[in-house]
>>> print(open('query30.txt').read())   # compact mmCIF, C-alpha atoms and all ligand atoms
# COMPACT_ATOMS: atom_id res chain seq x y z
CA MET A 11 -95.73 -0.47 5.43
CA LEU A 12 -92.03 0.24 4.99
CA THR A 13 -90.88 -1.58 8.05
CA ARG A 14 -89.96 -4.88 6.46
CA ARG A 15 -86.82 -3.70 4.71
CA ILE A 16 -85.80 -0.86 6.95
CA PHE A 17 -82.74 -1.19 9.12
CA LEU A 18 -83.17 0.04 12.68
CA LEU A 19 -81.92 3.62 12.44
CA SER A 20 -84.82 5.81 11.36
CA SER A 21 -87.29 5.72 8.49
CA VAL A 22 -88.00 7.41 5.17
CA GLY A 23 -90.29 7.60 2.09
CA ALA A 24 -89.51 7.32 -3.10
CA MET A 25 -89.58 6.31 -7.17
CA SER A 26 -87.14 6.10 -10.54
CA ALA A 27 -85.59 7.19 -13.77
CA ALA A 28 -83.49 4.96 -15.96
CA LEU A 29 -81.93 6.10 -19.20
CA PRO A 30 -80.59 3.60 -21.68
CA LEU A 31 -76.95 2.85 -21.25
CA SER A 32 -74.49 3.39 -24.01
CA ILE A 33 -72.84 0.22 -25.15
CA THR A 34 -71.28 0.02 -28.55
CA ASP A 35 -70.15 -3.27 -29.98
CA ALA A 36 -66.82 -3.20 -31.71
CA SER A 37 -65.14 -6.26 -33.17
CA ALA A 38 -62.65 -7.73 -30.73
CA ILE A 39 -62.88 -5.24 -27.90
CA ALA A 40 -65.86 -4.85 -25.60
CA ASN A 41 -66.65 -1.12 -25.54
CA TYR A 42 -68.52 0.63 -22.78
CA ARG A 43 -69.18 4.23 -21.92
CA VAL A 44 -69.90 5.09 -18.30
CA ILE A 45 -71.10 8.55 -17.30
CA PRO A 46 -71.31 9.42 -13.61
CA ARG A 47 -73.70 12.29 -12.94
CA ALA A 48 -76.44 13.55 -10.64
CA GLY A 49 -79.93 12.14 -11.10
CA THR A 50 -82.83 10.56 -9.31
CA ALA A 51 -83.89 7.05 -8.34
CA SER A 52 -86.99 5.37 -6.92
CA LEU A 53 -85.59 3.64 -3.90
CA LEU A 54 -88.75 3.76 -1.85
CA GLU A 55 -92.20 2.43 -2.47
CA GLU A 56 -94.73 3.55 -5.05
CA ASN A 57 -96.03 7.09 -4.52
CA ASP A 58 -93.26 7.89 -2.11
CA ALA A 59 -90.56 10.46 -2.69
CA VAL A 60 -87.87 10.28 -5.35
CA THR A 61 -84.27 10.21 -4.11
CA ASN A 62 -81.49 12.48 -5.33
CA VAL A 63 -78.59 10.24 -6.30
CA TRP A 64 -75.37 10.20 -8.24
CA ALA A 65 -75.48 7.40 -10.77
CA TYR A 66 -73.62 5.79 -13.65
CA ASN A 67 -75.65 6.29 -16.87
CA ASP A 68 -78.61 7.47 -14.80
CA THR A 69 -79.36 4.09 -13.27
CA VAL A 70 -78.73 2.64 -9.80
CA PRO A 71 -76.91 0.32 -9.94
CA GLY A 72 -75.04 1.52 -13.02
CA PRO A 73 -75.00 -0.55 -16.22
CA THR A 74 -73.92 -4.15 -15.85
CA ILE A 75 -70.60 -4.54 -17.58
CA ARG A 76 -70.59 -8.09 -18.94
CA VAL A 77 -67.36 -9.23 -20.53
CA GLN A 78 -65.44 -12.39 -21.36
CA LYS A 79 -62.47 -13.79 -19.47
CA GLY A 80 -59.29 -13.04 -21.43
CA LYS A 81 -60.96 -10.60 -23.86
CA PRO A 82 -59.95 -6.93 -23.86
CA VAL A 83 -62.33 -4.29 -22.54
CA LYS A 84 -62.31 -0.55 -23.17
CA ILE A 85 -64.40 1.68 -20.92
CA GLU A 86 -64.63 5.41 -21.45
CA VAL A 87 -65.58 7.33 -18.32
CA ILE A 88 -66.97 10.82 -18.84
CA ASN A 89 -67.12 12.70 -15.56
CA GLN A 90 -70.26 14.83 -15.36
CA LEU A 91 -70.11 15.15 -11.59
CA GLU A 92 -69.11 18.34 -9.80
CA GLN A 93 -66.25 16.46 -8.13
CA PRO A 94 -63.20 14.70 -9.53
CA THR A 95 -63.68 10.95 -9.69
CA THR A 96 -62.12 7.67 -10.81
CA ILE A 97 -63.37 4.13 -11.26
CA HIS A 98 -61.86 1.16 -9.47
CA TRP A 99 -62.61 -2.32 -10.88
CA HIS A 100 -62.86 -4.22 -7.63
CA GLY A 101 -61.36 -7.69 -7.68
CA ILE A 102 -60.02 -7.52 -11.22
CA ARG A 103 -56.32 -8.42 -11.19
CA ILE A 104 -55.56 -5.45 -13.34
CA ASP A 105 -52.60 -3.48 -14.65
CA ASN A 106 -51.80 -1.00 -11.87
CA SER A 107 -52.22 2.06 -14.12
CA MET A 108 -55.85 1.01 -14.73
CA ASP A 109 -56.69 0.31 -11.07
CA GLY A 110 -58.40 3.66 -10.58
CA VAL A 111 -57.03 4.76 -7.21
CA ALA A 112 -57.03 8.57 -7.18
CA ASN A 113 -53.64 10.13 -6.44
CA LEU A 114 -51.91 6.74 -6.31
CA THR A 115 -52.36 5.03 -9.69
CA GLN A 116 -53.83 8.02 -11.56
CA GLU A 117 -54.84 11.64 -11.19
CA PRO A 118 -58.57 11.90 -10.51
CA ILE A 119 -60.67 12.72 -13.59
CA PRO A 120 -61.71 16.41 -13.26
CA PRO A 121 -65.35 17.42 -13.82
CA GLY A 122 -66.02 17.62 -17.57
CA ASN A 123 -63.08 15.38 -18.45
CA SER A 124 -62.87 11.78 -19.50
CA PHE A 125 -60.54 8.83 -19.04
CA ILE A 126 -60.28 5.56 -20.91
CA TYR A 127 -59.73 2.39 -18.92
CA ARG A 128 -58.42 -0.64 -20.78
CA PHE A 129 -57.92 -4.07 -19.29
CA THR A 130 -58.22 -7.77 -20.02
CA PRO A 131 -59.93 -9.58 -17.14
CA PRO A 132 -57.85 -12.63 -16.16
CA ASP A 133 -60.56 -14.20 -14.00
CA ALA A 134 -64.16 -15.20 -14.71
CA GLY A 135 -66.58 -14.36 -11.91
CA THR A 136 -68.53 -11.69 -10.09
CA PHE A 137 -66.84 -8.29 -9.68
CA TRP A 138 -67.97 -4.69 -9.37
CA TYR A 139 -66.92 -1.12 -10.00
CA HIS A 140 -67.10 2.09 -7.98
CA PRO A 141 -65.33 5.44 -7.51
CA HIS A 142 -62.02 5.53 -5.66
CA ASN A 143 -62.05 9.24 -4.80
CA ARG A 144 -64.09 10.47 -1.84
CA THR A 145 -65.46 6.94 -1.86
CA TRP A 146 -67.22 7.48 1.46
CA GLU A 147 -69.45 10.03 -0.31
CA GLN A 148 -69.51 9.00 -4.00
CA LEU A 149 -70.29 5.36 -3.24
CA ALA A 150 -72.99 6.26 -0.71
CA ARG A 151 -74.69 8.54 -3.27
CA GLY A 152 -75.21 5.60 -5.64
CA LEU A 153 -72.10 5.24 -7.80
CA TYR A 154 -71.56 1.50 -8.28
CA GLY A 155 -72.31 -1.26 -10.74
CA SER A 156 -71.69 -4.94 -11.36
CA LEU A 157 -68.90 -6.27 -13.55
CA ILE A 158 -69.56 -9.84 -14.64
CA VAL A 159 -66.77 -11.77 -16.32
CA GLU A 160 -68.14 -14.79 -18.17
CA GLY A 161 -66.30 -18.01 -18.80
CA ASP A 162 -66.66 -20.11 -15.63
CA SER A 163 -69.65 -22.22 -16.64
CA VAL A 164 -71.02 -23.85 -19.77
CA SER A 165 -74.26 -22.64 -21.26
CA GLY A 166 -77.29 -24.50 -19.92
CA GLU A 167 -75.64 -25.35 -16.62
CA PHE A 168 -77.90 -22.86 -14.87
CA ASP A 169 -81.39 -21.91 -16.02
CA ARG A 170 -80.94 -18.29 -14.97
CA ASP A 171 -78.15 -16.03 -13.88
CA TYR A 172 -79.17 -13.06 -11.73
CA THR A 173 -76.98 -10.42 -10.15
CA ILE A 174 -78.22 -8.94 -6.86
CA VAL A 175 -76.53 -5.68 -5.86
CA ALA A 176 -77.32 -4.95 -2.21
CA ASP A 177 -76.98 -1.49 -0.66
CA ASP A 178 -78.15 0.33 2.44
CA TRP A 179 -78.94 4.00 1.92
CA ARG A 180 -79.08 6.68 4.58
CA LEU A 181 -82.24 8.59 3.66
CA GLN A 182 -84.23 11.28 5.41
CA GLN A 183 -87.99 11.24 5.97
CA ASN A 184 -88.45 13.18 2.72
CA GLY A 185 -86.61 10.52 0.73
CA LEU A 186 -83.49 12.58 0.15
CA ILE A 187 -80.01 11.35 0.93
CA HIS A 188 -78.81 12.41 4.37
CA GLU A 189 -76.05 14.77 3.25
CA GLU A 190 -75.22 16.43 6.56
CA SER A 191 -73.61 13.25 7.80
CA PHE A 192 -71.11 12.98 4.96
CA GLY A 193 -67.74 13.24 6.62
CA SER A 194 -69.23 12.80 10.09
CA LEU A 195 -66.46 12.05 12.55
CA HIS A 196 -68.93 10.08 14.61
CA ASP A 197 -69.55 7.68 11.71
CA TRP A 198 -65.88 7.55 10.85
CA SER A 199 -64.79 6.73 14.38
CA HIS A 200 -67.44 4.05 14.86
CA THR A 201 -68.60 1.50 12.33
CA GLY A 202 -68.79 3.77 9.28
CA ARG A 203 -71.79 5.12 7.39
CA LEU A 204 -74.68 2.75 7.97
CA GLY A 205 -77.88 3.26 5.99
CA ASN A 206 -81.49 2.79 7.00
CA ILE A 207 -83.03 1.63 3.71
CA LEU A 208 -82.12 -1.63 2.01
CA THR A 209 -82.35 -2.00 -1.75
CA LEU A 210 -81.59 -4.90 -4.06
CA ASN A 211 -80.66 -3.69 -7.55
CA GLY A 212 -81.81 -0.20 -6.53
CA LYS A 213 -85.38 -1.35 -5.91
CA PRO A 214 -87.50 -1.37 -2.77
CA TYR A 215 -88.36 -5.02 -3.42
CA GLU A 216 -86.57 -6.88 -6.19
CA ASN A 217 -88.77 -9.35 -8.08
CA LEU A 218 -87.02 -12.08 -10.04
CA ASP A 219 -88.91 -14.57 -12.21
CA VAL A 220 -88.09 -18.24 -11.78
CA VAL A 221 -89.71 -21.56 -12.69
CA ALA A 222 -90.20 -24.28 -10.09
CA ASP A 223 -87.39 -26.86 -10.13
CA GLU A 224 -85.05 -24.54 -11.96
CA ARG A 225 -81.41 -24.30 -10.99
CA ILE A 226 -80.46 -20.62 -10.78
CA ARG A 227 -77.28 -18.70 -10.09
CA LEU A 228 -77.53 -15.67 -7.80
CA ARG A 229 -74.53 -13.33 -7.67
CA PHE A 230 -74.74 -11.22 -4.50
CA ILE A 231 -72.61 -8.06 -4.29
CA ASN A 232 -72.51 -5.91 -1.14
CA THR A 233 -71.96 -2.31 -2.28
CA SER A 234 -72.82 -0.67 1.04
CA ASN A 235 -70.26 1.59 2.68
CA ALA A 236 -70.08 -0.25 5.96
CA ARG A 237 -72.78 -2.82 6.64
CA THR A 238 -72.05 -6.53 6.64
CA MET A 239 -75.20 -8.18 5.35
CA ARG A 240 -76.44 -11.72 5.52
CA PHE A 241 -78.83 -13.15 2.94
CA ALA A 242 -81.00 -16.24 2.95
CA ILE A 243 -83.55 -17.65 0.51
CA ASP A 244 -86.62 -18.63 2.50
CA ARG A 245 -87.13 -22.41 2.79
CA HIS A 246 -84.09 -23.04 0.58
CA GLN A 247 -80.52 -23.99 1.35
CA PRO A 248 -78.41 -22.79 -1.58
CA TRP A 249 -74.85 -23.83 -2.37
CA ILE A 250 -72.02 -21.31 -2.24
CA VAL A 251 -70.02 -21.77 -5.45
CA ALA A 252 -67.77 -18.68 -5.50
CA LEU A 253 -66.42 -16.02 -3.13
CA ASP A 254 -65.10 -12.69 -4.45
CA GLY A 255 -65.17 -14.02 -8.01
CA GLN A 256 -63.13 -17.15 -7.26
CA PRO A 257 -64.82 -20.58 -7.36
CA VAL A 258 -65.14 -22.85 -4.33
CA PRO A 259 -66.39 -26.45 -4.32
CA PRO A 260 -70.17 -26.24 -3.81
CA ILE A 261 -70.94 -25.94 -0.08
CA LYS A 262 -74.44 -25.63 1.39
CA THR A 263 -75.08 -22.33 3.16
CA GLN A 264 -76.03 -22.25 6.82
CA ALA A 265 -79.73 -22.04 7.63
CA ASP A 266 -79.57 -18.30 8.30
CA GLY A 267 -77.82 -17.65 5.01
CA VAL A 268 -74.50 -16.30 3.92
CA SER A 269 -72.57 -13.34 5.29
CA ILE A 270 -71.24 -10.69 2.89
CA ALA A 271 -69.00 -7.88 4.13
CA PRO A 272 -68.79 -4.57 2.25
CA ALA A 273 -67.21 -5.10 -1.21
CA GLN A 274 -67.42 -8.90 -0.98
CA ARG A 275 -69.33 -11.11 -3.40
CA VAL A 276 -70.94 -14.51 -2.96
CA ASP A 277 -72.28 -16.62 -5.82
CA LEU A 278 -75.06 -19.02 -4.86
CA ILE A 279 -76.78 -21.84 -6.72
CA VAL A 280 -80.44 -22.31 -5.80
CA ASP A 281 -82.56 -25.25 -6.86
CA VAL A 282 -86.01 -23.68 -6.76
CA HIS A 283 -88.70 -25.59 -4.92
CA GLY A 284 -92.20 -24.26 -5.39
CA LYS A 285 -95.28 -24.10 -7.53
CA ALA A 286 -96.36 -21.50 -10.08
CA GLY A 287 -97.69 -18.50 -8.16
CA ASN A 288 -95.39 -18.99 -5.14
CA LYS A 289 -93.38 -16.02 -3.93
CA ILE A 290 -90.12 -17.09 -2.33
CA THR A 291 -88.64 -14.35 -0.16
CA ILE A 292 -85.04 -13.17 -0.23
CA VAL A 293 -84.35 -12.15 3.38
CA GLU A 294 -81.61 -10.15 5.06
CA THR A 295 -80.84 -11.82 8.39
CA SER A 296 -77.91 -9.90 9.91
CA GLY A 297 -80.02 -8.03 12.47
CA ALA A 298 -82.51 -8.96 15.14
CA GLU A 299 -85.32 -8.68 12.61
CA ARG A 300 -85.46 -10.59 9.33
CA LEU A 301 -85.88 -8.03 6.54
CA VAL A 302 -87.73 -9.05 3.41
CA ALA A 303 -85.59 -7.70 0.57
CA GLY A 304 -87.16 -9.23 -2.54
CA TYR A 305 -88.85 -12.22 -4.11
CA LEU A 306 -88.29 -15.10 -6.47
CA ASN A 307 -91.62 -15.35 -8.28
CA CYS A 308 -92.45 -18.87 -9.48
CA LYS A 309 -93.94 -18.98 -12.97
CA GLU A 310 -95.28 -21.79 -15.15
CA GLY A 311 -92.67 -23.34 -17.35
CA LYS A 312 -90.58 -26.31 -18.28
CA THR A 313 -87.96 -27.51 -15.83
CA ASN A 314 -84.88 -29.63 -15.91
CA GLY A 315 -85.49 -30.97 -12.43
CA ARG A 316 -81.82 -31.40 -11.43
CA LYS A 317 -81.30 -32.89 -7.99
CA SER A 318 -77.57 -33.49 -7.80
CA THR A 319 -74.91 -31.24 -6.29
CA PRO A 320 -74.07 -28.53 -8.82
CA PRO A 321 -70.84 -28.84 -10.78
CA HIS A 322 -67.78 -26.80 -9.80
CA LEU A 323 -67.30 -23.54 -11.63
CA ALA A 324 -64.21 -23.54 -13.82
CA ALA A 325 -61.21 -22.43 -11.76
CA ASN A 326 -59.21 -19.31 -12.52
CA THR A 327 -55.43 -19.41 -12.71
CA VAL A 328 -54.22 -17.64 -9.57
CA ALA A 329 -50.63 -18.15 -8.42
CA GLU A 330 -50.54 -20.20 -5.23
CA PRO A 331 -48.54 -18.51 -2.43
CA ASP A 332 -45.33 -20.39 -1.58
CA LEU A 333 -45.44 -20.60 2.21
CA THR A 334 -41.99 -22.17 2.47
CA SER A 335 -40.32 -18.96 1.30
CA ALA A 336 -42.87 -16.40 2.48
CA THR A 337 -41.98 -12.99 3.87
CA ASP A 338 -43.81 -12.38 7.16
CA LEU A 339 -45.40 -8.96 7.63
CA GLU A 340 -47.82 -7.48 10.13
CA LEU A 341 -50.57 -4.94 9.72
CA VAL A 342 -51.77 -3.62 13.06
CA MET A 343 -55.05 -1.70 12.96
CA SER A 344 -55.58 0.76 15.79
CA GLY A 345 -57.76 3.72 16.71
CA GLY A 346 -61.46 4.50 16.46
CA ALA A 347 -64.05 4.93 19.19
CA MET A 348 -63.41 3.00 22.41
CA HIS A 349 -59.65 2.83 21.76
CA PHE A 350 -58.83 6.30 20.40
CA LEU A 351 -55.28 6.81 19.15
CA ALA A 352 -52.88 8.21 21.75
CA SER A 353 -50.77 9.39 18.86
CA ALA A 354 -49.72 8.36 15.37
CA ASN A 355 -47.39 9.39 12.62
CA PHE A 356 -49.07 11.67 10.08
CA LYS A 357 -47.23 13.12 7.08
CA GLY A 358 -43.88 12.57 8.74
CA ASN A 359 -44.71 13.89 12.25
CA GLU A 360 -45.82 12.14 15.40
CA ILE A 361 -49.09 13.86 16.36
CA ASP A 362 -51.35 13.32 19.35
CA GLY A 363 -54.71 11.63 18.80
CA ARG A 364 -56.84 14.63 19.71
CA THR A 365 -55.09 16.89 17.19
CA LEU A 366 -55.20 14.15 14.56
CA ALA A 367 -58.96 13.89 14.94
CA ARG A 368 -59.78 17.59 15.23
CA GLN A 369 -57.38 19.08 12.72
CA HIS A 370 -56.77 16.27 10.26
CA LYS A 371 -59.88 14.05 10.58
CA GLN A 372 -57.58 11.08 11.15
CA LEU A 373 -58.98 8.47 13.54
CA TRP A 374 -57.23 5.25 12.59
CA ALA A 375 -53.74 3.99 11.99
CA PHE A 376 -52.03 1.10 10.24
CA ASN A 377 -48.80 0.24 12.08
CA GLY A 378 -48.90 3.62 13.84
CA GLN A 379 -49.29 5.54 10.57
CA ALA A 380 -52.44 7.65 10.00
CA GLY A 381 -53.38 8.34 6.37
CA MET A 382 -51.11 7.50 3.47
CA SER A 383 -47.40 7.36 4.20
CA GLU A 384 -44.86 9.05 1.94
CA ASP A 385 -42.96 5.80 1.54
CA PRO A 386 -44.53 2.42 0.91
CA MET A 387 -45.50 0.60 4.08
CA PHE A 388 -44.26 -2.64 2.53
CA ALA A 389 -42.40 -3.56 -0.60
CA ALA A 390 -42.28 -6.91 -2.36
CA LYS A 391 -40.28 -8.35 -5.21
CA LEU A 392 -42.10 -9.72 -8.20
CA GLY A 393 -43.01 -13.33 -7.42
CA GLU A 394 -42.40 -13.01 -3.67
CA THR A 395 -44.95 -14.60 -1.36
CA ILE A 396 -46.24 -12.26 1.33
CA LYS A 397 -47.72 -13.63 4.53
CA LEU A 398 -49.59 -10.78 6.15
CA LYS A 399 -50.89 -10.93 9.70
CA LEU A 400 -53.92 -8.64 10.04
CA ILE A 401 -54.20 -7.63 13.68
CA ASN A 402 -57.36 -5.75 14.59
CA GLU A 403 -56.75 -3.94 17.89
CA THR A 404 -59.82 -1.74 17.40
CA ALA A 405 -63.34 -2.22 18.69
CA TRP A 406 -64.75 -2.34 15.15
CA PRO A 407 -64.80 -4.80 12.27
CA HIS A 408 -62.72 -3.82 9.23
CA ALA A 409 -63.01 -5.19 5.72
CA ILE A 410 -59.47 -5.35 4.36
CA HIS A 411 -58.98 -5.53 0.60
CA ILE A 412 -55.79 -6.10 -1.37
CA HIS A 413 -55.79 -4.49 -4.81
CA GLY A 414 -54.61 -6.41 -7.85
CA HIS A 415 -54.27 -9.72 -6.00
CA HIS A 416 -56.34 -12.48 -4.46
CA PHE A 417 -55.15 -14.13 -1.25
CA ARG A 418 -55.54 -17.31 0.74
CA ILE A 419 -56.81 -17.04 4.31
CA LEU A 420 -54.44 -19.19 6.39
CA ASN A 421 -56.11 -18.82 9.77
CA ARG A 422 -58.26 -16.65 11.99
CA GLN A 423 -58.23 -16.39 15.77
CA ALA A 424 -60.29 -14.97 18.59
CA ILE A 425 -63.51 -14.24 16.84
CA GLN A 426 -65.77 -12.58 19.37
CA ALA A 427 -68.80 -14.52 20.44
CA GLN A 428 -71.25 -11.94 19.14
CA GLU A 429 -69.79 -12.03 15.65
CA LYS A 430 -71.22 -14.69 13.39
CA PRO A 431 -68.53 -16.69 11.62
CA VAL A 432 -67.99 -15.32 8.15
CA ASN A 433 -68.34 -18.42 6.03
CA LEU A 434 -65.17 -19.87 7.54
CA LYS A 435 -65.33 -23.25 5.88
CA GLU A 436 -65.86 -21.78 2.45
CA GLU A 437 -63.19 -19.13 2.90
CA ALA A 438 -60.58 -21.74 3.69
CA GLN A 439 -61.03 -23.20 0.21
CA SER A 440 -61.10 -19.98 -1.73
CA PHE A 441 -58.98 -17.12 -2.84
CA ARG A 442 -60.54 -13.86 -1.66
CA ASP A 443 -59.87 -10.20 -2.37
CA THR A 444 -61.60 -8.84 0.75
CA ILE A 445 -61.59 -10.20 4.30
CA LEU A 446 -63.65 -9.00 7.24
CA VAL A 447 -61.48 -8.83 10.34
CA SER A 448 -63.52 -8.67 13.55
CA PRO A 449 -62.59 -6.67 16.69
CA ASP A 450 -59.64 -8.27 18.50
CA GLU A 451 -59.24 -10.77 15.70
CA VAL A 452 -55.95 -11.81 14.14
CA ALA A 453 -56.21 -13.18 10.62
CA GLU A 454 -53.33 -14.38 8.52
CA ILE A 455 -53.46 -14.15 4.73
CA ALA A 456 -50.94 -15.02 2.04
CA PHE A 457 -50.57 -14.12 -1.62
CA MET A 458 -47.96 -14.13 -4.30
CA ALA A 459 -47.03 -10.56 -5.29
CA ASP A 460 -47.22 -11.17 -9.03
CA ASN A 461 -48.81 -7.91 -10.17
CA PRO A 462 -46.36 -4.98 -10.06
CA GLY A 463 -47.52 -1.55 -8.95
CA LYS A 464 -48.43 0.62 -6.03
CU CU B 501 -60.41 -3.38 -5.32
>>> encode(input="query30.txt", output="structure tokens")
Amino acid sequence: MLTRRIFLLSSVGAMSAALPLSITDASAIANYRVIPRAGTASLLEENDAVTNVWAYNDTVPGPTIRVQKGKPVKIEVINQLEQPTTIHWHGIRIDNSMDGVANLTQEPIPPGNSFIYRFTPPDAGTFWYHPHNRTWEQLARGLYGSLIVEGDSVSGEFDRDYTIVADDWRLQQNGLIHEESFGSLHDWSHTGRLGNILTLNGKPYENLDVVADERIRLRFINTSNARTMRFAIDRHQPWIVALDGQPVPPIKTQADGVSIAPAQRVDLIVDVHGKAGNKITIVETSGAERLVAGYLNCKEGKTNGRKSTPPHLAANTVAEPDLTSATDLELVMSGGAMHFLASANFKGNEIDGRTLARQHKQLWAFNGQAGMSEDPMFAAKLGETIKLKLINETAWPHAIHIHGHHFRILNRQAIQAQEKPVNLKEEAQSFRDTILVSPDEVAEIAFMADNPGK
């Protein structure tokens, strides 16, 4: 009964508890309060076990933060976890002090303490938020939510606007989160923490109401730790209209859908074909088996019956990199299973790979450096264009994300045959904040360093 949305790892069993979220409306500033704490969620099917989670405001995903482009936001975070935490606002080109990276841009928020984040989102689009302290655990336990910045479309352009937050959870047979594997060196040295249970918006099967002939916007967000997912709408060929919150000219998706690496977002426009009573499946197609993840349920209703290509979303103002004066840099990724590090620099000393793994839990290196370096790996002047060659010498795909900036992808080489192309055509026309670099791939990105900080 569970098999349709279970990834091939093992299986499990679940249910839910959602408290109202606290949003207070002030005059000019959008005010939110976000409380991370332990709770439960119904990730499995009716009458199955409840799952122990950590959640923002007791819901998985956390509350949708919906704000306006160019309008200030204030978000109070009250940490009711037993661990220090922070929140990172992924994809928001934000003041560095508000970026939420523990021990780099702020001290982590201790248990029982609070922190106020203030920012003014410069871009309209689909973003998300999550902890940036022990992310490998806090994210996997359920701490994430969507952050929608409005202002890229006019009202009435789409009949509905749905956000679909996709996650894979690693659950045991009894429905509880598999805790023993947190920090597992095996996961860390291979492809990361993969889950076995897929949820959309924290539900076993998401059900979204639509009317036949409607034009709907679906904002997909991949909040999993490590799994690149691929989504398709059965018998439909949607348009991609934005990647990582930045608009692209509408491009039809491939027949098997659209690929979304961890932390990436894809906005789709779907013109719904169907009759009242039809259930249109949302399928996950990255594996050998198509997993049914949810449904668009066709209802009776009036339609606008649009047939044309959808309009472009309104562009954001992102500084174009100046390739004529760019500084060329390289980021070489090494280590991990299959190509373990011979040695790397760690906290100022060259240490052999075996000791790095056993004593320091360090398995990977950027440019021969394991963990964070004392000094910056690179420095840029304000307004300087950086051309960064991402060289993946490992046997594993890596999603690389630049904070506080969006970049152009200039080129990609040597994609292995078994890897499906990651929306190459669309990527070439977009700014992104996260790029999936496949094993043995070299990808070149460029951005203007216009947002000071670490
Ligand atoms: Cu980010």
>>> closest_residue(input="query30.txt", among="A:Ile396, A:Ile97, A:Ala298, A:Leu366", to="ligand CU 501 (chain B)", atoms="all atoms listed in the file")
A:Ile97
>>> residues_near_ligand(input="query30.txt", ligand="ligand CU 501 (chain B)", cutoff="8 Å", atoms="only C-alpha atoms and all ligand atoms", output="PDB file with C-alpha atoms, keeping the file's coordinate frame")
ATOM      1  CA  HIS A  98     -61.860   1.160  -9.470  1.00  0.00           C
ATOM      2  CA  TRP A  99     -62.610  -2.320 -10.880  1.00  0.00           C
ATOM      3  CA  HIS A 100     -62.860  -4.220  -7.630  1.00  0.00           C
ATOM      4  CA  GLY A 101     -61.360  -7.690  -7.680  1.00  0.00           C
ATOM      5  CA  ILE A 102     -60.020  -7.520 -11.220  1.00  0.00           C
ATOM      6  CA  ASP A 109     -56.690   0.310 -11.070  1.00  0.00           C
ATOM      7  CA  HIS A 411     -58.980  -5.530   0.600  1.00  0.00           C
ATOM      8  CA  ILE A 412     -55.790  -6.100  -1.370  1.00  0.00           C
ATOM      9  CA  HIS A 413     -55.790  -4.490  -4.810  1.00  0.00           C
ATOM     10  CA  GLY A 414     -54.610  -6.410  -7.850  1.00  0.00           C
ATOM     11  CA  ASP A 443     -59.870 -10.200  -2.370  1.00  0.00           C
TER      12      ASP A 443
END
>>> residues_near_point(input="query30.txt", point="(-58.7, 2.3, -12.2)", cutoff="10 Å", atoms="only C-alpha atoms", output="VMD selection string")
chain A and resid 96 to 100 102 104 to 112 115 to 116 118 125 to 129 139 to 142
>>> residues_around(input="query30.txt", residues="region 344-358 of chain A", least_positions_apart="2", cutoff="9 Å", atoms="only C-alpha atoms", output="ChimeraX atom specification")
/A:196,198-201,342,360-366,370,372-384,401-406
>>> residues_around(input="query30.txt", residues="region 161-174 of chain A", least_positions_apart="5", cutoff="7 Å", atoms="all atoms listed in the file", output="list in words")
Gln78, Lys79, Ala134, Gly135, Leu210, Asn211, Glu224, Arg225, Ile226, Arg227, Leu228, Arg229, Phe230, Ile231, Leu323 and Ala324 of chain A
>>> atom_distance(input="query30.txt", atom1="CA of Tyr42 (chain A)", atom2="CA of Val87 (chain A)")
8.6 Å
>>> residues_around(input="query30.txt", residues="Leu91 (chain A)", least_positions_apart="3", cutoff="10 Å", atoms="all atoms listed in the file", output="number ranges by chain")
A: 45-48, 64-65, 88, 94-95, 119-123, 148
>>> closest_residue(input="query30.txt", among="A:Ile290, A:Ala150, A:Ile158, A:Val280", to="Lys309 (chain A)", atoms="all atoms listed in the file")
A:Ile290
>>> closest_residue(input="query30.txt", among="A:Leu149, A:Ala51, A:Leu195, A:Ala409", to="Gln369 (chain A)", atoms="all atoms listed in the file")
A:Leu195
>>> residues_around(input="query30.txt", residues="region 246-255 of chain A", least_positions_apart="5", cutoff="6 Å", atoms="only C-alpha atoms", output="list of chain:residue names")
A:Gly135, A:Thr136, A:Pro260, A:Ile261, A:Lys262, A:Thr263, A:Gln274, A:Arg275, A:Val276, A:Asp277, A:Leu278, A:Ile279, A:Val280, A:Arg442
